[in-house]
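Take a look at the structure set out below.
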Amino acid sequence: WEPLFFYHNTVVTAGNAWRDYYGAQLVMGTKGTKRRLFNNIFLQLDGSPGLAVPSPDDDVEAGGNLLWSVKSGPAVQGDFFAPRKAKPALAAFGAGDIFADPKLAHVAGEALDIRPPGGAAVDAGVKVPADWPDSLRTADKGKPDIGALPLGAPMLRVGPAAAPRRAP
C-alpha cells in the first residue's frame, strides 16, 4: 500500500458520515496502510461528521482537523469528541481537532467559496513537516490555517470558466 498524506483540504459532503467514519471515510480500511490527515476541514451539509477512528494498532495519525455540520452542528451541546476521548486507546487520536463552524464564505448552491473569512479555522492547525509540498505555505500568516485556502488567499479557479476567453 502506498502512504496517503492528506493535509490542508476542505471536504464538503452531504448526509451522515457512512458508518460514522471520521475524516470523510479516509480512516476506513487502514490495516496495513500509512495515513496522515492534518489541517483539513470536514464539513457535513446535513448529517454529522464521523467519530469512528481506526484501531490504535493501525499506522494512522490525524490532528488539527476541523469537523462541522451545517445543519446539526449548532445544536451540539458539550464536547463533540467526548465519546472518542472516553476510550483511553483512542483519546489521543485527532489531537488538536476542533468542532466549530469554519464560517466559509459560501457553501450552498452550485458555486462554493471555501475561503475562511475568519473564524475557527484561522491559526488553528498543526505544523506539517517542511518537506511536505504546500504551494500556499508562504501565504499562510501565523500558525497554519485549517482547510484548503488560508485566510486572505484568492479563491481557486478551475475548469473551463476559469480559463481566459479567446477572441473569436
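Chains: A, B, ... in order of the C-alpha cells. Residues: from 1 per chain. Ligands: from 1, in order shown.
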
- Message: Neighbouring residues of range 83-99 of chain A were defined as those with any atom within 8 Å, considering only C-alpha atoms; residues of the same chain fewer than 3 positions away were excluded. Please report them as a ChimeraX atom specification.
- Response: /A:51-53,56,61-68,80,125-126

Written file, previous selection with N, CA, C and O atoms, as a PDB file, in the first residue's frame:
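File result23.pdb, as written:
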```
ATOM      1  N   LEU A  51     -17.085  10.066  13.933  1.00  0.00           N
ATOM      2  CA  LEU A  51     -16.166   9.954  15.062  1.00  0.00           C
ATOM      3  C   LEU A  51     -15.429   8.622  15.103  1.00  0.00           C
ATOM      4  O   LEU A  51     -14.475   8.474  15.849  1.00  0.00           O
ATOM      5  N   ALA A  52     -15.862   7.629  14.329  1.00  0.00           N
ATOM      6  CA  ALA A  52     -15.223   6.317  14.363  1.00  0.00           C
ATOM      7  C   ALA A  52     -13.834   6.405  13.755  1.00  0.00           C
ATOM      8  O   ALA A  52     -13.656   6.902  12.641  1.00  0.00           O
ATOM      9  N   VAL A  53     -12.848   5.935  14.509  1.00  0.00           N
ATOM     10  CA  VAL A  53     -11.453   6.003  14.070  1.00  0.00           C
ATOM     11  C   VAL A  53     -10.875   4.596  14.016  1.00  0.00           C
ATOM     12  O   VAL A  53     -11.442   3.656  14.566  1.00  0.00           O
ATOM     13  N   PRO A  56      -5.982   1.508  17.258  1.00  0.00           N
ATOM     14  CA  PRO A  56      -4.724   2.159  17.639  1.00  0.00           C
ATOM     15  C   PRO A  56      -3.494   1.463  17.059  1.00  0.00           C
ATOM     16  O   PRO A  56      -2.427   2.056  16.991  1.00  0.00           O
ATOM     17  N   GLU A  61      -2.306   8.727  11.642  1.00  0.00           N
ATOM     18  CA  GLU A  61      -2.191   9.891  12.511  1.00  0.00           C
ATOM     19  C   GLU A  61      -3.087  10.985  11.962  1.00  0.00           C
ATOM     20  O   GLU A  61      -3.178  11.173  10.749  1.00  0.00           O
ATOM     21  N   ALA A  62      -3.726  11.708  12.860  1.00  0.00           N
ATOM     22  CA  ALA A  62      -4.588  12.820  12.460  1.00  0.00           C
ATOM     23  C   ALA A  62      -4.502  13.894  13.532  1.00  0.00           C
ATOM     24  O   ALA A  62      -4.274  13.600  14.707  1.00  0.00           O
ATOM     25  N   GLY A  63      -4.707  15.132  13.114  1.00  0.00           N
ATOM     26  CA  GLY A  63      -4.727  16.218  14.082  1.00  0.00           C
ATOM     27  C   GLY A  63      -4.893  17.557  13.410  1.00  0.00           C
ATOM     28  O   GLY A  63      -4.613  17.726  12.222  1.00  0.00           O
ATOM     29  N   GLY A  64      -5.387  18.497  14.175  1.00  0.00           N
ATOM     30  CA  GLY A  64      -5.583  19.842  13.639  1.00  0.00           C
ATOM     31  C   GLY A  64      -6.672  19.911  12.603  1.00  0.00           C
ATOM     32  O   GLY A  64      -6.677  20.811  11.767  1.00  0.00           O
ATOM     33  N   ASN A  65      -7.607  18.970  12.628  1.00  0.00           N
ATOM     34  CA  ASN A  65      -8.714  18.975  11.677  1.00  0.00           C
ATOM     35  C   ASN A  65      -9.923  19.658  12.305  1.00  0.00           C
ATOM     36  O   ASN A  65     -10.095  19.641  13.521  1.00  0.00           O
ATOM     37  N   LEU A  66     -10.745  20.254  11.463  1.00  0.00           N
ATOM     38  CA  LEU A  66     -11.970  20.898  11.914  1.00  0.00           C
ATOM     39  C   LEU A  66     -13.139  20.113  11.359  1.00  0.00           C
ATOM     40  O   LEU A  66     -13.210  19.877  10.164  1.00  0.00           O
ATOM     41  N   LEU A  67     -14.038  19.697  12.241  1.00  0.00           N
ATOM     42  CA  LEU A  67     -15.243  18.974  11.849  1.00  0.00           C
ATOM     43  C   LEU A  67     -16.441  19.857  12.155  1.00  0.00           C
ATOM     44  O   LEU A  67     -16.461  20.541  13.191  1.00  0.00           O
ATOM     45  N   TRP A  68     -17.439  19.834  11.257  1.00  0.00           N
ATOM     46  CA  TRP A  68     -18.629  20.653  11.477  1.00  0.00           C
ATOM     47  C   TRP A  68     -19.788  20.113  10.661  1.00  0.00           C
ATOM     48  O   TRP A  68     -19.591  19.520   9.599  1.00  0.00           O
ATOM     49  N   PHE A  80     -18.046  17.558  21.503  1.00  0.00           N
ATOM     50  CA  PHE A  80     -18.394  16.653  20.409  1.00  0.00           C
ATOM     51  C   PHE A  80     -17.512  15.403  20.425  1.00  0.00           C
ATOM     52  O   PHE A  80     -17.948  14.321  20.067  1.00  0.00           O
ATOM     53  N   GLY A 125      -4.432  25.214  12.989  1.00  0.00           N
ATOM     54  CA  GLY A 125      -3.869  23.954  12.521  1.00  0.00           C
ATOM     55  C   GLY A 125      -2.588  23.579  13.243  1.00  0.00           C
ATOM     56  O   GLY A 125      -2.130  24.280  14.140  1.00  0.00           O
ATOM     57  N   VAL A 126      -2.040  22.447  12.828  1.00  0.00           N
ATOM     58  CA  VAL A 126      -0.774  21.965  13.376  1.00  0.00           C
ATOM     59  C   VAL A 126       0.285  22.061  12.286  1.00  0.00           C
ATOM     60  O   VAL A 126      -0.026  22.040  11.100  1.00  0.00           O
TER      61      VAL A 126
END
```

- Item | Residues within 12 Å of Pro133 in chain A, only C-alpha atoms, excluding chain neighbours under 3 positions, as a list in words | Phe5, Phe6, Tyr7, His8, Val128, Pro129, Ala130, Leu136, Arg137 and Thr138 of chain A

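Assigned to strand (DSSP E) in chain A, given DSSP computed from backbone atoms, are Leu4, Phe5, Phe6, Tyr7, Thr10, Val11, Val12, Thr13, Lys34, Arg35, Arg36, Leu37, Phe38, Ile41, Phe42, Leu43, Gln44, Asp59, Val60, Glu61, Ala62, Gly63, Leu66, Leu67, Trp68, Ser69, Ile98 and Phe99 of chain A.
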
Could the residues in this selection be saved with C-alpha atoms as an mmCIF file, in the first residue's frame?
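That gives us result22.cif:
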```cif
data_model
loop_
_atom_site.group_PDB
_atom_site.id
_atom_site.type_symbol
_atom_site.label_atom_id
_atom_site.label_comp_id
_atom_site.auth_asym_id
_atom_site.auth_seq_id
_atom_site.Cartn_x
_atom_site.Cartn_y
_atom_site.Cartn_z
ATOM 1 C CA LEU A 4 -1.697 8.661 1.977
ATOM 2 C CA PHE A 5 -0.807 12.133 3.236
ATOM 3 C CA PHE A 6 -3.983 14.231 3.187
ATOM 4 C CA TYR A 7 -3.491 17.744 4.530
ATOM 5 C CA THR A 10 -11.660 21.242 2.537
ATOM 6 C CA VAL A 11 -14.082 18.342 2.128
ATOM 7 C CA VAL A 12 -17.792 19.168 1.798
ATOM 8 C CA THR A 13 -20.218 16.230 1.938
ATOM 9 C CA LYS A 34 0.131 4.554 6.410
ATOM 10 C CA ARG A 35 -2.146 7.594 6.547
ATOM 11 C CA ARG A 36 -1.695 11.144 7.764
ATOM 12 C CA LEU A 37 -4.631 13.591 7.977
ATOM 13 C CA PHE A 38 -3.782 17.101 9.138
ATOM 14 C CA ILE A 41 -11.973 20.889 7.174
ATOM 15 C CA PHE A 42 -14.548 18.071 7.085
ATOM 16 C CA LEU A 43 -17.876 19.841 6.582
ATOM 17 C CA GLN A 44 -21.163 17.925 6.520
ATOM 18 C CA ASP A 59 -0.464 3.466 11.196
ATOM 19 C CA VAL A 60 -2.846 6.431 11.092
ATOM 20 C CA GLU A 61 -2.191 9.891 12.511
ATOM 21 C CA ALA A 62 -4.588 12.820 12.460
ATOM 22 C CA GLY A 63 -4.727 16.218 14.082
ATOM 23 C CA LEU A 66 -11.970 20.898 11.914
ATOM 24 C CA LEU A 67 -15.243 18.974 11.849
ATOM 25 C CA TRP A 68 -18.629 20.653 11.477
ATOM 26 C CA SER A 69 -22.204 20.032 10.440
ATOM 27 C CA ILE A 98 -11.944 21.142 16.811
ATOM 28 C CA PHE A 99 -15.688 21.043 16.289
#
```

- Task: as a ChimeraX atom specification, list the residues of range 4-96 of chain A assigned to alpha helix (DSSP H) by DSSP on the backbone atoms of this structure.
- Result: /A:82-85

- Query: When distances are computed from only C-alpha atoms, which of A:Gly78, A:Asn39, A:Ser72, A:Tyr21 shows the smallest separation from Lys143 in chain A?
  - Reply: A:Asn39

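Nearest residue to Gly152 in chain A, choosing from A:Leu112, A:Ala105, A:Ala120, A:Val76 and counting only C-alpha atoms: A:Ala105.
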
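Considering only C-alpha atoms, the residue among A:Asp58, A:Ile114, A:Val122, A:Trp132 positioned nearest to Asn9 in chain A is A:Ile114.
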
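Atom to atom, CA of Pro150 in chain A and CA of Ala100 in chain A stand 16.7 Å apart.
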
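You will find CA of Gly50 in chain A at 5.1 Å from CA of Ala17 in chain A.
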
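Relative to CA of Lys127 in chain A, CA of Ser55 in chain A is found at 24.2 Å.
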
- Item | Neighbour list for Thr30 in chain A as a VMD selection string, cut-off 7 Å, only C-alpha atoms, skip fewer than 3 positions in-chain | chain A and resid 27 33 54 58

Keeping C-alpha atoms for every residue in the selection just given, could you write it to a file as a compact mmCIF listing (two decimals), in the first residue's frame?
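Contents of the output file again-v6.txt:
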```
# COMPACT_ATOMS: atom_id res chain seq x y z
CA VAL A 27 -9.74 6.29 8.07
CA THR A 33 -1.54 1.31 5.39
CA PRO A 54 -9.15 3.10 13.20
CA ASP A 58 -3.03 0.98 12.52
```

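Counting only C-alpha atoms, the residue from A:Gly32, A:Leu149, A:Leu26, A:Ala124 that sits nearest to Asp57 in chain A is A:Gly32.
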